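**Student:** File name coords39.txt; file contents compact mmCIF, N, CA and C atoms; full text below.
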# COMPACT_ATOMS: atom_id res chain seq x y z
N MET A 1 81.96 93.35 94.40
CA MET A 1 81.18 93.83 95.52
C MET A 1 81.60 95.25 95.90
N ARG A 2 82.87 95.57 95.76
CA ARG A 2 83.32 96.91 96.12
C ARG A 2 82.70 97.96 95.22
N GLY A 3 82.50 97.63 93.97
CA GLY A 3 81.86 98.56 93.04
C GLY A 3 80.44 98.88 93.47
N ASN A 4 79.71 97.88 93.94
CA ASN A 4 78.34 98.09 94.40
C ASN A 4 78.31 98.98 95.63
N VAL A 5 79.25 98.79 96.56
CA VAL A 5 79.31 99.61 97.76
C VAL A 5 79.62 101.05 97.39
N LEU A 6 80.53 101.22 96.46
CA LEU A 6 80.88 102.56 96.01
C LEU A 6 79.69 103.23 95.33
N ASP A 7 78.98 102.49 94.49
CA ASP A 7 77.78 103.04 93.85
C ASP A 7 76.74 103.45 94.89
N LEU A 8 76.57 102.63 95.92
CA LEU A 8 75.62 102.94 96.99
C LEU A 8 76.04 104.19 97.75
N ALA A 9 77.33 104.31 98.04
CA ALA A 9 77.82 105.49 98.76
C ALA A 9 77.60 106.76 97.94
N VAL A 10 77.88 106.69 96.67
CA VAL A 10 77.66 107.85 95.79
C VAL A 10 76.16 108.19 95.74
N ALA A 11 75.32 107.18 95.66
CA ALA A 11 73.88 107.41 95.62
C ALA A 11 73.38 108.08 96.89
N VAL A 12 73.89 107.66 98.04
CA VAL A 12 73.47 108.25 99.31
C VAL A 12 73.90 109.71 99.38
N ILE A 13 75.13 109.99 98.97
CA ILE A 13 75.63 111.37 99.01
C ILE A 13 74.84 112.25 98.06
N LEU A 14 74.61 111.77 96.85
CA LEU A 14 73.82 112.55 95.89
C LEU A 14 72.38 112.71 96.35
N GLY A 15 71.84 111.68 96.97
CA GLY A 15 70.47 111.77 97.49
C GLY A 15 70.35 112.83 98.57
N GLY A 16 71.35 112.90 99.45
CA GLY A 16 71.33 113.92 100.49
C GLY A 16 71.42 115.32 99.90
N ALA A 17 72.29 115.49 98.93
CA ALA A 17 72.43 116.80 98.28
C ALA A 17 71.15 117.14 97.52
N PHE A 18 70.59 116.17 96.84
CA PHE A 18 69.36 116.41 96.08
C PHE A 18 68.21 116.74 97.02
N SER A 19 68.20 116.13 98.19
CA SER A 19 67.15 116.41 99.17
C SER A 19 67.17 117.88 99.56
N LYS A 20 68.34 118.45 99.73
CA LYS A 20 68.44 119.88 100.08
C LYS A 20 67.91 120.76 98.94
N ILE A 21 68.18 120.36 97.71
CA ILE A 21 67.68 121.12 96.56
C ILE A 21 66.15 121.08 96.54
N VAL A 22 65.59 119.91 96.78
CA VAL A 22 64.13 119.79 96.76
C VAL A 22 63.51 120.56 97.92
N GLU A 23 64.13 120.52 99.07
CA GLU A 23 63.60 121.28 100.21
C GLU A 23 63.59 122.78 99.89
N SER A 24 64.64 123.26 99.27
CA SER A 24 64.70 124.66 98.88
C SER A 24 63.63 124.97 97.84
N PHE A 25 63.46 124.06 96.87
CA PHE A 25 62.44 124.23 95.83
C PHE A 25 61.06 124.35 96.46
N ILE A 26 60.77 123.49 97.43
CA ILE A 26 59.46 123.51 98.09
C ILE A 26 59.30 124.80 98.90
N LYS A 27 60.30 125.09 99.72
CA LYS A 27 60.21 126.22 100.64
C LYS A 27 60.21 127.56 99.91
N ASP A 28 61.03 127.68 98.87
CA ASP A 28 61.22 128.98 98.23
C ASP A 28 60.37 129.20 96.99
N ILE A 29 59.89 128.12 96.34
CA ILE A 29 59.13 128.30 95.10
C ILE A 29 57.70 127.77 95.23
N ILE A 30 57.57 126.50 95.57
CA ILE A 30 56.23 125.89 95.61
C ILE A 30 55.35 126.55 96.67
N THR A 31 55.86 126.67 97.89
CA THR A 31 55.04 127.22 98.97
C THR A 31 54.58 128.65 98.67
N PRO A 32 55.46 129.55 98.27
CA PRO A 32 54.96 130.91 97.99
C PRO A 32 54.02 130.99 96.79
N VAL A 33 54.29 130.22 95.75
CA VAL A 33 53.49 130.35 94.54
C VAL A 33 52.18 129.57 94.63
N VAL A 34 52.26 128.30 94.96
CA VAL A 34 51.08 127.44 94.93
C VAL A 34 50.25 127.56 96.19
N LEU A 35 50.92 127.60 97.33
CA LEU A 35 50.19 127.60 98.60
C LEU A 35 49.90 129.00 99.14
N ALA A 36 50.31 130.04 98.43
CA ALA A 36 50.12 131.41 98.91
C ALA A 36 48.66 131.74 99.20
N PRO A 37 47.71 131.40 98.32
CA PRO A 37 46.32 131.71 98.65
C PRO A 37 45.83 130.99 99.91
N VAL A 38 46.25 129.76 100.09
CA VAL A 38 45.82 129.01 101.27
C VAL A 38 46.44 129.61 102.53
N LEU A 39 47.72 129.95 102.45
CA LEU A 39 48.38 130.54 103.61
C LEU A 39 47.83 131.93 103.93
N ASP A 40 47.49 132.70 102.90
CA ASP A 40 46.88 134.01 103.13
C ASP A 40 45.53 133.88 103.79
N ALA A 41 44.75 132.90 103.37
CA ALA A 41 43.44 132.68 103.97
C ALA A 41 43.57 132.26 105.43
N ALA A 42 44.64 131.54 105.75
CA ALA A 42 44.87 131.12 107.13
C ALA A 42 45.66 132.17 107.91
N ARG A 43 45.98 133.30 107.27
CA ARG A 43 46.75 134.40 107.85
C ARG A 43 48.10 133.92 108.39
N LEU A 44 48.81 133.16 107.53
CA LEU A 44 50.12 132.64 107.90
C LEU A 44 51.14 133.07 106.86
N LYS A 45 52.41 133.17 107.28
CA LYS A 45 53.48 133.50 106.35
C LYS A 45 54.19 132.26 105.84
N ASP A 46 54.20 131.19 106.63
CA ASP A 46 54.96 129.99 106.29
C ASP A 46 54.13 128.76 106.61
N ILE A 47 54.31 127.70 105.83
CA ILE A 47 53.57 126.47 106.05
C ILE A 47 53.96 125.84 107.39
N ALA A 48 55.15 126.12 107.88
CA ALA A 48 55.60 125.56 109.16
C ALA A 48 54.80 126.11 110.33
N GLU A 49 54.13 127.25 110.13
CA GLU A 49 53.34 127.83 111.21
C GLU A 49 51.97 127.15 111.38
N LEU A 50 51.58 126.31 110.44
CA LEU A 50 50.31 125.62 110.57
C LEU A 50 50.35 124.69 111.77
N SER A 51 49.41 124.88 112.67
CA SER A 51 49.35 124.00 113.84
C SER A 51 47.94 124.01 114.39
N ALA A 52 47.63 122.94 115.08
CA ALA A 52 46.33 122.81 115.73
C ALA A 52 46.57 122.16 117.09
N GLY A 53 46.31 122.90 118.15
CA GLY A 53 46.50 122.36 119.49
C GLY A 53 47.95 122.00 119.79
N GLY A 54 48.88 122.74 119.24
CA GLY A 54 50.28 122.47 119.49
C GLY A 54 50.92 121.48 118.52
N VAL A 55 50.10 120.83 117.71
CA VAL A 55 50.61 119.87 116.73
C VAL A 55 50.94 120.64 115.46
N LYS A 56 52.20 120.62 115.07
CA LYS A 56 52.65 121.37 113.90
C LYS A 56 52.50 120.51 112.65
N TYR A 57 51.30 120.45 112.16
CA TYR A 57 51.05 119.63 110.97
C TYR A 57 51.55 120.29 109.70
N GLY A 58 51.87 121.55 109.74
CA GLY A 58 52.45 122.23 108.59
C GLY A 58 53.82 121.67 108.24
N LEU A 59 54.61 121.36 109.27
CA LEU A 59 55.91 120.74 109.03
C LEU A 59 55.74 119.36 108.41
N PHE A 60 54.73 118.63 108.87
CA PHE A 60 54.45 117.31 108.31
C PHE A 60 54.04 117.42 106.85
N LEU A 61 53.18 118.37 106.53
CA LEU A 61 52.75 118.57 105.14
C LEU A 61 53.94 118.93 104.26
N SER A 62 54.83 119.75 104.77
CA SER A 62 56.03 120.11 104.02
C SER A 62 56.90 118.87 103.76
N ALA A 63 57.05 118.02 104.77
CA ALA A 63 57.84 116.79 104.61
C ALA A 63 57.19 115.85 103.60
N VAL A 64 55.86 115.77 103.60
CA VAL A 64 55.15 114.90 102.64
C VAL A 64 55.35 115.42 101.21
N ILE A 65 55.26 116.73 101.03
CA ILE A 65 55.47 117.31 99.70
C ILE A 65 56.90 117.05 99.24
N ASN A 66 57.87 117.22 100.15
CA ASN A 66 59.27 116.93 99.82
C ASN A 66 59.43 115.48 99.37
N PHE A 67 58.86 114.57 100.13
CA PHE A 67 58.97 113.15 99.80
C PHE A 67 58.37 112.85 98.43
N LEU A 68 57.20 113.38 98.16
CA LEU A 68 56.54 113.10 96.89
C LEU A 68 57.37 113.63 95.71
N LEU A 69 57.92 114.81 95.85
CA LEU A 69 58.72 115.36 94.75
C LEU A 69 60.01 114.59 94.56
N VAL A 70 60.69 114.25 95.65
CA VAL A 70 61.94 113.49 95.54
C VAL A 70 61.66 112.13 94.92
N SER A 71 60.62 111.44 95.37
CA SER A 71 60.33 110.11 94.82
C SER A 71 59.93 110.20 93.35
N PHE A 72 59.21 111.24 92.95
CA PHE A 72 58.83 111.39 91.56
C PHE A 72 60.05 111.62 90.67
N VAL A 73 60.96 112.46 91.12
CA VAL A 73 62.16 112.73 90.32
C VAL A 73 63.03 111.48 90.26
N ILE A 74 63.16 110.75 91.35
CA ILE A 74 63.94 109.51 91.34
C ILE A 74 63.29 108.51 90.39
N PHE A 75 61.97 108.44 90.39
CA PHE A 75 61.27 107.56 89.45
C PHE A 75 61.61 107.93 88.02
N LEU A 76 61.61 109.23 87.70
CA LEU A 76 61.93 109.66 86.34
C LEU A 76 63.37 109.33 85.97
N VAL A 77 64.29 109.49 86.91
CA VAL A 77 65.69 109.18 86.64
C VAL A 77 65.87 107.69 86.39
N VAL A 78 65.29 106.86 87.24
CA VAL A 78 65.41 105.41 87.08
C VAL A 78 64.77 104.97 85.77
N ARG A 79 63.63 105.55 85.46
CA ARG A 79 62.95 105.19 84.21
C ARG A 79 63.79 105.56 82.99
N SER A 80 64.42 106.71 83.03
CA SER A 80 65.26 107.10 81.89
C SER A 80 66.50 106.22 81.79
N PHE A 81 67.08 105.82 82.92
CA PHE A 81 68.22 104.90 82.88
C PHE A 81 67.81 103.55 82.31
N GLU A 82 66.65 103.06 82.71
CA GLU A 82 66.18 101.78 82.19
C GLU A 82 65.93 101.86 80.68
N THR A 83 65.37 102.97 80.23
CA THR A 83 65.14 103.14 78.81
C THR A 83 66.46 103.18 78.05
N ALA A 84 67.42 103.89 78.59
CA ALA A 84 68.74 103.96 77.94
C ALA A 84 69.41 102.60 77.92
N LYS A 85 69.27 101.85 79.00
CA LYS A 85 69.87 100.52 79.07
C LYS A 85 69.20 99.59 78.05
N ARG A 86 67.89 99.70 77.93
CA ARG A 86 67.15 98.87 76.98
C ARG A 86 67.58 99.19 75.55
N LYS A 87 67.74 100.48 75.24
CA LYS A 87 68.17 100.87 73.90
C LYS A 87 69.57 100.36 73.61
N LEU A 88 70.45 100.46 74.60
CA LEU A 88 71.82 99.99 74.43
C LEU A 88 71.86 98.49 74.19
N SER A 89 71.05 97.74 74.93
CA SER A 89 71.04 96.29 74.72
C SER A 89 70.46 95.94 73.36
N ARG A 90 69.48 96.70 72.91
CA ARG A 90 68.92 96.45 71.57
C ARG A 90 69.94 96.75 70.49
N GLN A 91 70.71 97.81 70.68
CA GLN A 91 71.73 98.14 69.70
C GLN A 91 72.79 97.05 69.65
N GLU A 92 73.13 96.48 70.79
CA GLU A 92 74.09 95.39 70.81
C GLU A 92 73.54 94.17 70.08
N VAL A 93 72.26 93.88 70.31
CA VAL A 93 71.63 92.75 69.63
C VAL A 93 71.58 93.01 68.13
N MET A 94 71.26 94.25 67.75
CA MET A 94 71.21 94.59 66.32
C MET A 94 72.57 94.40 65.67
N ALA A 95 73.63 94.74 66.38
CA ALA A 95 74.97 94.56 65.84
C ALA A 95 75.29 93.08 65.66
N GLU A 96 74.80 92.25 66.58
CA GLU A 96 75.06 90.81 66.50
C GLU A 96 74.26 90.13 65.39
N VAL A 97 73.03 90.59 65.20
CA VAL A 97 72.16 89.92 64.23
C VAL A 97 72.13 90.61 62.88
N ALA A 98 72.99 91.60 62.68
CA ALA A 98 72.99 92.33 61.41
C ALA A 98 73.29 91.41 60.24
N ALA A 99 74.01 90.33 60.49
CA ALA A 99 74.34 89.39 59.42
C ALA A 99 73.12 88.58 58.98
N ASP A 100 72.15 88.39 59.87
CA ASP A 100 70.97 87.60 59.56
C ASP A 100 69.80 88.54 59.25
N PRO A 101 69.35 88.61 58.00
CA PRO A 101 68.29 89.57 57.64
C PRO A 101 66.96 89.28 58.31
N VAL A 102 66.65 88.03 58.62
CA VAL A 102 65.38 87.70 59.28
C VAL A 102 65.37 88.27 60.69
N LEU A 103 66.47 88.09 61.42
CA LEU A 103 66.54 88.63 62.77
C LEU A 103 66.54 90.15 62.76
N ALA A 104 67.15 90.74 61.78
CA ALA A 104 67.15 92.20 61.67
C ALA A 104 65.73 92.72 61.45
N GLN A 105 64.96 92.04 60.61
CA GLN A 105 63.57 92.43 60.37
C GLN A 105 62.73 92.27 61.63
N GLN A 106 62.97 91.20 62.38
CA GLN A 106 62.24 90.99 63.63
C GLN A 106 62.56 92.11 64.62
N GLN A 107 63.81 92.51 64.67
CA GLN A 107 64.19 93.59 65.59
C GLN A 107 63.53 94.90 65.18
N LEU A 108 63.47 95.18 63.89
CA LEU A 108 62.78 96.39 63.42
C LEU A 108 61.31 96.36 63.78
N LEU A 109 60.69 95.19 63.69
CA LEU A 109 59.29 95.04 64.07
C LEU A 109 59.11 95.30 65.57
N ILE A 110 60.00 94.77 66.38
CA ILE A 110 59.93 94.99 67.83
C ILE A 110 60.07 96.48 68.14
N ASP A 111 61.00 97.15 67.49
CA ASP A 111 61.18 98.58 67.70
C ASP A 111 59.94 99.37 67.30
N SER A 112 59.30 98.97 66.21
CA SER A 112 58.08 99.64 65.77
C SER A 112 56.96 99.45 66.78
N ILE A 113 56.84 98.26 67.30
CA ILE A 113 55.80 97.98 68.30
C ILE A 113 56.06 98.79 69.57
N ASP A 114 57.32 98.90 69.99
CA ASP A 114 57.66 99.70 71.16
C ASP A 114 57.31 101.17 70.97
N ARG A 115 57.60 101.70 69.79
CA ARG A 115 57.24 103.10 69.52
C ARG A 115 55.74 103.28 69.54
N LEU A 116 55.00 102.33 69.01
CA LEU A 116 53.55 102.40 69.01
C LEU A 116 53.02 102.35 70.44
N ASN A 117 53.57 101.48 71.26
CA ASN A 117 53.16 101.41 72.66
C ASN A 117 53.45 102.71 73.39
N ASN A 118 54.61 103.31 73.13
CA ASN A 118 54.93 104.58 73.76
C ASN A 118 53.97 105.67 73.33
N THR A 119 53.58 105.67 72.08
CA THR A 119 52.63 106.65 71.57
C THR A 119 51.27 106.50 72.26
N PHE A 120 50.81 105.26 72.38
CA PHE A 120 49.53 105.02 73.04
C PHE A 120 49.60 105.37 74.53
N SER A 121 50.68 105.07 75.19
CA SER A 121 50.78 105.35 76.62
C SER A 121 50.85 106.85 76.89
N ARG A 122 51.40 107.63 75.98
CA ARG A 122 51.44 109.09 76.15
C ARG A 122 50.06 109.70 75.96
N LYS A 123 49.24 109.12 75.11
CA LYS A 123 47.91 109.69 74.85
C LYS A 123 46.92 109.33 75.93
N ILE A 124 47.21 108.30 76.69
CA ILE A 124 46.29 107.89 77.77
C ILE A 124 46.58 108.67 78.97
Mind turning this structure into C-alpha cells?

**Tutor:**
Amino acid sequence: MRGNVLDLAVAVILGGAFSKIVESFIKDIITPVVLAPVLDAARLKDIAELSAGGVKYGLFLSAVINFLLVSFVIFLVVRSFETAKRKLSRQEVMAEVAADPVLAQQQLLIDSIDRLNNTFSRKI
C-alpha cells in the first residue's frame, strides 16, 4: 500500500509541474499563433481580456484549452504505458512457451493480427 501512495504522490507532483508547462505552452505559443487573428479582430492583446458584461469568459476558454491539452497528453502517456506493458507481458509469455512450437506459432499469429489492427486503426 505504501508503494501506491508514493506513486500517487509522485503523480500529483508531476501533474502540477506539467500543468505549469501546459499553461505556458497555451499562453506563450498557442494563443499568439493560433488565436492571433481572432484576438486581432476583437482588438485584444490577450485571451484573458475577453469579457462580456463583466464576465471574463476568456479566462474560462483558456482553462478549457489547458484541460483539453493536459488530458490529451495524459491519454497518450497512459496509452503508451499500456502498450509497453502489453508487449512486456507478451515477451514473458513467449519466453515461457518457446519450448512448445504450437504455442509459439499461436503467439506469432496474435502478434500479426495486432499489427494488422494497428495498421487499420491508423488509416481510419

**Student:** Residues of range 25-45 of chain A that have any atom at most 10 Å from an atom of range 58-75 of chain A: could you tabulate them with the shortest-distance atom pair and the distance in Å to one decimal, using only C-alpha atoms, ordered by chain and increasing number, as JSON lines?

**Tutor:**
{"residue": "A:Phe25", "atom": "CA", "partner": "A:Asn66", "partner_atom": "CA", "distance": 8.9}
{"residue": "A:Ile26", "atom": "CA", "partner": "A:Asn66", "partner_atom": "CA", "distance": 6.8}
{"residue": "A:Lys27", "atom": "CA", "partner": "A:Ser62", "partner_atom": "CA", "distance": 8.1}
{"residue": "A:Ile30", "atom": "CA", "partner": "A:Ile65", "partner_atom": "CA", "distance": 9.5}
{"residue": "A:Thr31", "atom": "CA", "partner": "A:Ser62", "partner_atom": "CA", "distance": 8.8}

**Student:** Based on the backbone DSSP call, show me all residues of range 37-84 of chain A assigned helix (DSSP H, G or I), as a VMD selection string.

**Tutor:** chain A and resid 37 to 41 47 to 49 57 to 84

**Student:** Between CA of Ala36 in chain A and atom C of Ala48 in chain A, what is the spacing in Å?

**Tutor:**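 Pair atom C of Ala48 in chain A / CA of Ala36 in chain A returns 13.4 Å.
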
**Student:** Using atom C of Glu49 in chain A and atom N of Ile29 in chain A as the two end points, give the distance in Å to one decimal.

**Tutor:**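 Pair atom C of Glu49 in chain A / atom N of Ile29 in chain A returns 17.0 Å.
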
**Student:** So how far away is CA of Leu103 in chain A from CA of Ala84 in chain A, in Å?

**Tutor:** 21.7 Å
